[in-house]
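Report on the structure given below.
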Amino acid sequence: MIAWLFAPFLEFEFMRRALAGTFALAFGAAPIGVFLMLRRMSLIGDAMAHAILPGAAVGFLFAGLNLFAMAGGGVVAGAITAVGAGLIARSTGVKEDASLAAFYLISLALGVTIVSLRGSNIDLLHFLFGSVLAVDDPTLLLIAAVASGSLVMLALIWRPLVLECVDPMFLRSVSRAGGIAHLAFLALVVVNLVAGFQALGTLLAVGIMMLPAVTARFWARDITAMIAVAVACAAVSGYAGLLMSYYAGLPSGPAIILFAGALYAASVLLGPVGGLLWQALPRRHLEA
Amino acid sequence: MIRRILAGLVVALMACLPAAARAQDAAGDKLKVVASFSILGDLVREVGGDRIALTTLVGANGDAHVYSPTPADARAVAQSKVVVVNGLGLEGWMPRLAGAGGTALTVVASKGVKPLKMEDGHDHHGGDRDGGHGHAHDETDPHAWQSVANAKIYVANIRDGLAKADPAGAAVYAANAGAYLARLDALEAEVRAAIAAIPRDRRKIITTHDAFGYFGRAYGMTFISPEGVSTEVEASARDVGRIIAQIRRERIPAVFLENISDPRLIRQIARETGAKIGGTLYSDALSDAKGPASTYIEMMRNNIRQFAVALTG
């Protein structure tokens, strides 16, 4: 029984690499997901993932299946979208989410056009959807570097970031770090999505970022605990998803996200913070 | 099924055309010949030379197994004097197309070949690009041309068929065929020499092509299908694990896995097993003129070169 849980990883190097990759992703992406959720930007990740796609496609068209060209293209496209949407929101009356929607839709249409212009669009789509089973050394290093960098960066901008989640008006009145922290944070979102898309594909990368974060909301009240739960959820999902992929023959990326989804569903029911079951239980009245 | 219906429709439509088509026919003085697919077309061209006007229905890089004929194909068949097919169940769509034309002489190039059953036991078709190769298990393997000895039978059949349809040119066809058969003999020797240079215990590869049964029997190489490569969209960890375990267990020196379309995954498998990654094999169709397998002889040379590179290195 115990062997059942470890044998695939002992026997196959590609399983160990996949596990290392998903763990690194968990440490980088899950805390960012928590901040996105707390700042009511949960869908931003999705929009950004769509915006990154054409950048990666352009990188592929120019340099073929080159990790750095594709990652670089993705980062550039993501940065243009994030900064462009932010600038327009600040210089006109349009809200940031509206301009972001405009940017990512244009970007997505551009991406689909580029993919289609390239004769064999099927192949290109394969490349854009990385496989966690095919993580090679450079990819693993990229993911690990991004995760490490993200943690350091998060530590640096922790205070303004938390303050902005809780009371953005107060932050604006006492400090000008908010804007910088916001930009740095958006950069982290983009970079983590790019790293995630190398391993899981563009769309599933959002899953490992957001699902554990939303799950954590049902288990913890303070942000530190929430991040700990989110990272744990993401790591467990990666491990369990790979096992499911190994034993049940499921495609590995979706298996990981589906397991994260199952954790979320269980938490909605059972989570001690606002879970449905706990709400249904009769509570003891507080006594003065 | 839809293909069948479409093919039927085409055939029905064609019933109207032959009269017009045959009026045109008198114009050309060359013998109009139709070959069903590119490899056969190359053999027919070698034998017919410039006495024939050749139309190849399934062109370079096309899959003759699941081809669906176009109206132009039906017209070509209706106008032709000779239709050359592989037989052995390869061109399921051909008899009806030929039947609609009526007058053409049908040459079955594989007549006289000792047929081979499709190997069973492994899941040959699970990973096929179009979700099915067109023939089920326990059927005859139609890829007889993968053995040069069979190709020589093909050439003889084509020669006899052309001579029957065009007795005036019989001497030319015999001369062309004779010259080409000599080249095939040289090719046969070349293939045997190339295989002989590979150590006996290394003569096995994993390939997703199920077209090398005749080649394997004729030249003593083992072709093993990968177990459980079930999807080309995204492989599961189980698929990859099985392939790796199989390569280790059977000590397979090289893999030709073209239907796993993510090269990163193939590299991963190769890195983990030490097996070499093979290049592109041509089995069912020739490449275009610029490719490495533009003729039958070039195709066979390309394949043995790929085997040699992957297995001897």
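Ordered as shown in the structure tokens, chains take letters A, B, and onward, while each chain numbers its residues from 1 and ligands are numbered from 1 in the order shown.
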
Interface, chain B side, toward chain A (7 Å; only C-alpha atoms) as a list in words: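 The complete set of qualifying residues is Glu234, Ala235, Ser236, Ala237, Arg238, Asp239, Asp262, Arg264, Leu265, Gln268 and Glu272 of chain B.
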
Spatial neighbours of Pro31 in chain A, max dist 12 Å, only C-alpha atoms, sep filter under 4 positions, as a ChimeraX atom specification: /A:24-27,35-38,147,150-155,158,161-162,185,188-189,192,208-214,216-217,223-234

d(CA of Ile52 in chain A, CA of Thr139 in chain A) in Å: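 Straight-line distance from CA of Ile52 in chain A to CA of Thr139 in chain A works out to 17.2 Å.
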
Contacts of range 178-190 of chain B at 9 Å (only C-alpha atoms; same-chain gap of 2+ positions) as a list of chain:residue names: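 Final neighbour list, sorted by chain and number: B:Leu43, B:Glu46, B:Val47, B:Ser147, B:Val148, B:Ala149, B:Ala151, B:Lys152, B:Val155, B:Ala156, B:Tyr173, B:Ala174, B:Ala175, B:Asn176, B:Arg192, B:Ala193, B:Ala194, B:Ile195, B:Ile297, B:Met300, B:Arg301, B:Ile304.
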
Near-Pro272 in chain A list (12 Å; only C-alpha atoms; drop same-chain fewer than 2 positions) as a VMD selection string: chain A and resid 215 to 221 266 to 270 274 to 281

Selection near Lys111 in chain B, 8 Å with only C-alpha atoms, sequence-local residues under 3 positions removed, as a PyMOL selection string: chain B and resi 87+108+153-154+157

One-decimal distance in Å that lies between CA of Gly278 in chain B and CA of Arg251 in chain B: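 Interatomic distance, CA of Arg251 in chain B to CA of Gly278 in chain B: 15.5 Å.
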
Non-local contacts of Tyr67 in chain B (8 Å; only C-alpha atoms; under 4 positions in same chain excluded) as a ChimeraX atom specification: /B:58,62-63,93

I need the chosen residues saved as a compact mmCIF listing (two decimals), in the first residue's frame, with C-alpha atoms.
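again.txt was written with the following content:
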# COMPACT_ATOMS: atom_id res chain seq x y z
CA VAL B 58 -3.30 9.52 -53.40
CA GLY B 62 -1.20 11.01 -48.37
CA ASP B 63 -2.77 8.14 -46.51
CA TRP B 93 -12.48 2.77 -51.94

Atomic separation - CA of Ile257 in chain A relative to CA of Ala195 in chain A, Å: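 Taking CA of Ala195 in chain A as the start and CA of Ile257 in chain A as the end point, the length is 15.9 Å.
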